[in-house]
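Visitor: Quick one: this structure, given as structure tokens, is what I'll be asking you about.
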Amino acid sequence: MAVTKTKTNKKPSVAVNAYLFAYNFIQVLGWSYLLFQIVNFYLNPPKSQSLWDIVKYTVGIFQNAAFIEIFNVATGLVKSNLAVTTQQVLSRVAIVAAIAFIPETSGSPGLPLALTAWCFAEITRYSYYGFNIVGYIPYPIIWARYTFFYVLYPVGVTGELLVYWTSLGYVGRTKMWSIEMPNKLNISMSLWSAIAMVMLIYIPLFPQMYMHMVYQRKKTLGTPETKKVQKKVQ
């Protein structure tokens, strides 16, 4: 029993903390730069480039870098739910893939909505994690982390669904990445159906995630009276 307790309470080494802080710091810089690109695009619209033309490399680098988070959780460097972390990372990567490989989605009205929501969410999230490693989180960061979601969740989900919706027409017409019967392998696969299924999954998943954040906000930013009751319950 004593051995288990010692392992559980073991603090990360200085090297691990330095690595995690560097990762979070770089992500803050990356998503901040992406937000700058989006704002600059609308303030100074280029004549021959779309928003996706401007931001595609930044999005690709820093969103795909989130795979590192799966590694961090899987190896125990970060204490979190591996299944939830994997799902969150892959859902974002799927959106980026849809935009990158399906031409019509680059003009979707959902693109700026999703990317802007991601920027604010990731800047506050990685800032929160970075300060947490240092051992001190400024209250504005805590407040932003547990308040911005009221707007960012609906806006982000709306943007993601619009991107998927825009992709359906192109995928349906071209039969992109689909296999139809009959064929030698006697199998069929429809990317259109897969995207439609993913969109339907948002219906039960969004309310659960949203209410989870509402609970976390009350738990973190609740009144002193609320926190006293929660401590008694725990």
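Residue numbering restarts at 1 in every chain; chains get A, B, ... in the order shown in the structure tokens, and ligands count up from 1 in that same order.
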I want to know what sits within 10 Å of region 192-209 of chain A, based on only C-alpha atoms, with residues of the same chain fewer than 2 positions away left out; could you give that as a list in words?

Guide: Ser91, Ala94, Ala98, Tyr153, Pro154, Val157, Glu160, Leu161, Leu162, Tyr164, Trp165, Ser167, Leu168, Gly169, Tyr170, Val171, Gly172, Arg173, Lys175, Met176, Trp177, Ser178, Met189, Ser190, Met211, His212, Met213, Val214 and Tyr215 of chain A

Visitor: Take the residues from that selection and put them in a file with N, CA, C and O atoms, as a short mmCIF file (atom, residue, chain, number, x, y, z; two decimals), in the first residue's frame.

Guide:
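Okay, this is what ended up in part19.cif:
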```
data_model
loop_
_atom_site.label_atom_id
_atom_site.label_comp_id
_atom_site.auth_asym_id
_atom_site.auth_seq_id
_atom_site.Cartn_x
_atom_site.Cartn_y
_atom_site.Cartn_z
N SER A 91 -10.82 14.04 -33.48
CA SER A 91 -11.96 14.77 -34.02
C SER A 91 -11.51 16.06 -34.69
O SER A 91 -12.02 16.43 -35.75
N ALA A 94 -9.61 15.18 -37.93
CA ALA A 94 -10.56 14.81 -38.99
C ALA A 94 -11.10 16.05 -39.69
O ALA A 94 -11.27 16.06 -40.92
N ALA A 98 -10.59 17.01 -43.57
CA ALA A 98 -11.73 17.30 -44.45
C ALA A 98 -11.50 18.58 -45.24
O ALA A 98 -11.78 18.67 -46.43
N TYR A 153 -17.81 26.76 -27.40
CA TYR A 153 -18.35 25.44 -27.71
C TYR A 153 -19.42 25.50 -28.81
O TYR A 153 -19.31 24.81 -29.83
N PRO A 154 -20.46 26.33 -28.62
CA PRO A 154 -21.49 26.39 -29.68
C PRO A 154 -20.94 26.89 -31.01
O PRO A 154 -21.29 26.37 -32.06
N VAL A 157 -18.59 24.08 -32.56
CA VAL A 157 -19.37 22.94 -33.05
C VAL A 157 -20.16 23.33 -34.30
O VAL A 157 -20.23 22.56 -35.27
N GLU A 160 -17.69 23.39 -37.15
CA GLU A 160 -17.28 22.04 -37.55
C GLU A 160 -18.39 21.34 -38.35
O GLU A 160 -18.12 20.70 -39.37
N LEU A 161 -19.62 21.48 -37.89
CA LEU A 161 -20.75 20.84 -38.60
C LEU A 161 -20.95 21.45 -39.98
O LEU A 161 -21.27 20.74 -40.94
N LEU A 162 -20.76 22.76 -40.10
CA LEU A 162 -20.88 23.41 -41.40
C LEU A 162 -19.80 22.94 -42.36
O LEU A 162 -20.05 22.76 -43.56
N TYR A 164 -18.33 19.96 -42.27
CA TYR A 164 -18.74 18.61 -42.68
C TYR A 164 -19.89 18.67 -43.69
O TYR A 164 -19.91 17.93 -44.68
N TRP A 165 -20.88 19.53 -43.41
CA TRP A 165 -22.04 19.65 -44.29
C TRP A 165 -21.61 20.07 -45.70
O TRP A 165 -22.11 19.53 -46.70
N SER A 167 -18.83 19.47 -47.09
CA SER A 167 -18.06 18.40 -47.73
C SER A 167 -18.96 17.33 -48.35
O SER A 167 -18.53 16.62 -49.28
N LEU A 168 -20.18 17.21 -47.85
CA LEU A 168 -21.04 16.11 -48.29
C LEU A 168 -21.36 16.16 -49.79
O LEU A 168 -21.42 15.13 -50.45
N GLY A 169 -21.58 17.36 -50.31
CA GLY A 169 -21.92 17.49 -51.73
C GLY A 169 -20.80 16.97 -52.62
O GLY A 169 -21.03 16.17 -53.54
N TYR A 170 -19.58 17.39 -52.35
CA TYR A 170 -18.43 16.97 -53.15
C TYR A 170 -18.19 15.47 -53.02
O TYR A 170 -17.96 14.77 -54.02
N VAL A 171 -18.24 14.97 -51.77
CA VAL A 171 -18.00 13.54 -51.54
C VAL A 171 -19.07 12.70 -52.22
O VAL A 171 -18.77 11.64 -52.80
N GLY A 172 -20.31 13.16 -52.17
CA GLY A 172 -21.40 12.42 -52.81
C GLY A 172 -21.26 12.37 -54.33
O GLY A 172 -21.51 11.33 -54.95
N ARG A 173 -20.85 13.46 -54.93
CA ARG A 173 -20.71 13.53 -56.39
C ARG A 173 -19.53 12.71 -56.89
O ARG A 173 -19.62 12.02 -57.91
N LYS A 175 -17.80 10.33 -55.15
CA LYS A 175 -17.62 9.03 -54.49
C LYS A 175 -16.21 8.92 -53.88
O LYS A 175 -15.57 7.86 -53.90
N MET A 176 -15.75 10.02 -53.35
CA MET A 176 -14.39 10.11 -52.82
C MET A 176 -14.14 9.05 -51.74
O MET A 176 -14.92 8.90 -50.80
N TRP A 177 -13.02 8.35 -51.87
CA TRP A 177 -12.58 7.35 -50.91
C TRP A 177 -13.68 6.34 -50.58
O TRP A 177 -13.80 5.88 -49.46
N SER A 178 -14.50 6.02 -51.55
CA SER A 178 -15.61 5.08 -51.33
C SER A 178 -15.43 3.85 -52.20
O SER A 178 -14.85 3.92 -53.29
N MET A 189 -17.73 0.69 -48.87
CA MET A 189 -17.37 1.72 -47.91
C MET A 189 -17.79 3.06 -48.47
O MET A 189 -17.55 3.36 -49.64
N SER A 190 -18.45 3.85 -47.65
CA SER A 190 -18.94 5.15 -48.10
C SER A 190 -18.42 6.24 -47.18
O SER A 190 -18.77 6.29 -46.00
N MET A 211 -22.31 20.31 -20.62
CA MET A 211 -22.72 20.27 -19.22
C MET A 211 -21.56 19.85 -18.31
O MET A 211 -21.49 20.27 -17.15
N HIS A 212 -20.64 19.06 -18.85
CA HIS A 212 -19.44 18.72 -18.08
C HIS A 212 -18.62 19.97 -17.78
O HIS A 212 -18.14 20.16 -16.65
N MET A 213 -18.50 20.85 -18.77
CA MET A 213 -17.77 22.10 -18.55
C MET A 213 -18.52 23.03 -17.61
O MET A 213 -17.91 23.75 -16.82
N VAL A 214 -19.84 23.02 -17.69
CA VAL A 214 -20.64 23.83 -16.75
C VAL A 214 -20.37 23.37 -15.32
O VAL A 214 -20.18 24.19 -14.41
N TYR A 215 -20.34 22.05 -15.13
CA TYR A 215 -20.06 21.49 -13.80
C TYR A 215 -18.65 21.86 -13.35
O TYR A 215 -18.44 22.25 -12.20
#
```

Visitor: Can you pull out the residues contacting Ser50 (chain A)? Cut-off 10 Å, using only C-alpha atoms, and skip same-chain residues under 5 positions away; I want them as a VMD selection string.

Guide: chain A and resid 41 45 55 106 to 107

Visitor: Neighbouring residues of region 141-143 of chain A were defined as those with any atom within 8 Å, considering only C-alpha atoms; residues of the same chain fewer than 5 positions away were excluded. Please report them as a list in words.

Guide: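 The neighbour list is Thr124, Ser127, Tyr128 and Leu221 of chain A.
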
Visitor: Out of region 12-211 of chain A, which residues get helix (DSSP H, G or I) from DSSP, as a VMD selection string?

Guide: chain A and resid 14 to 43 51 to 64 67 to 74 82 to 101 103 to 107 110 to 134 139 to 145 149 to 174 191 to 211

Visitor: Neighbours of region 73-79 of chain A within 12 Å (only C-alpha atoms; same-chain residues fewer than 3 positions away dropped), as a compact mmCIF listing (two decimals) with C-alpha atoms, in the first residue's frame?

Guide:
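Resulting contents of around-v5.txt:
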```
# COMPACT_ATOMS: atom_id res chain seq x y z
CA LYS A 7 4.36 6.07 -6.95
CA THR A 8 1.09 7.97 -7.20
CA ASN A 9 2.46 11.06 -5.44
CA LYS A 10 5.77 11.08 -7.24
CA LYS A 11 6.33 14.50 -8.80
CA PRO A 12 7.49 14.86 -12.40
CA SER A 13 11.20 15.52 -12.84
CA ALA A 15 13.24 17.62 -17.30
CA VAL A 16 9.65 16.40 -17.74
CA ASN A 17 8.24 19.71 -16.49
CA ALA A 18 10.55 21.62 -18.81
CA TYR A 19 9.42 19.48 -21.76
CA LEU A 20 5.72 19.91 -20.93
CA PHE A 21 6.10 23.65 -20.36
CA ALA A 66 -1.66 17.60 -30.60
CA PHE A 67 -0.80 13.93 -31.24
CA ILE A 68 1.97 14.59 -28.74
CA GLU A 69 -0.74 14.90 -26.08
CA ILE A 70 -1.82 11.32 -26.74
CA LEU A 82 -6.42 8.39 -22.71
CA ALA A 83 -9.67 7.57 -24.54
CA VAL A 84 -11.04 11.10 -24.12
CA THR A 85 -7.74 12.71 -25.14
CA THR A 86 -7.50 10.49 -28.24
CA TYR A 129 -1.55 24.04 -18.50
CA ASN A 132 -0.09 25.00 -13.85
CA ILE A 133 3.33 23.42 -14.44
```

Visitor: At a cut-off of 9 Å, using only C-alpha atoms, what residues contact region 34-40 of chain A? Leave out same-chain residues fewer than 3 positions from it and give the result as a list in words.

Guide: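 Everything that qualifies: Leu29, Gly30, Trp31, Leu43, Asn44, Pro45, Leu51, Ile54, Val55, Thr58, Val59, Pro112, Leu115, Thr116, Cys119 and Phe120 of chain A.
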
Visitor: Just how far from CA of Val155 (chain A) is CA of Ala114 (chain A), in Å to one decimal?

Guide: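 Between CA of Ala114 (chain A) and CA of Val155 (chain A) the gap works out to 6.9 Å.
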
Visitor: Could you check which of A:Asn24, A:Asn186, A:Thr158, A:Thr220 is closest to Asn72 (chain A), using only C-alpha atoms?

Guide: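 Selected residue with least distance to Asn72 (chain A): A:Asn24.
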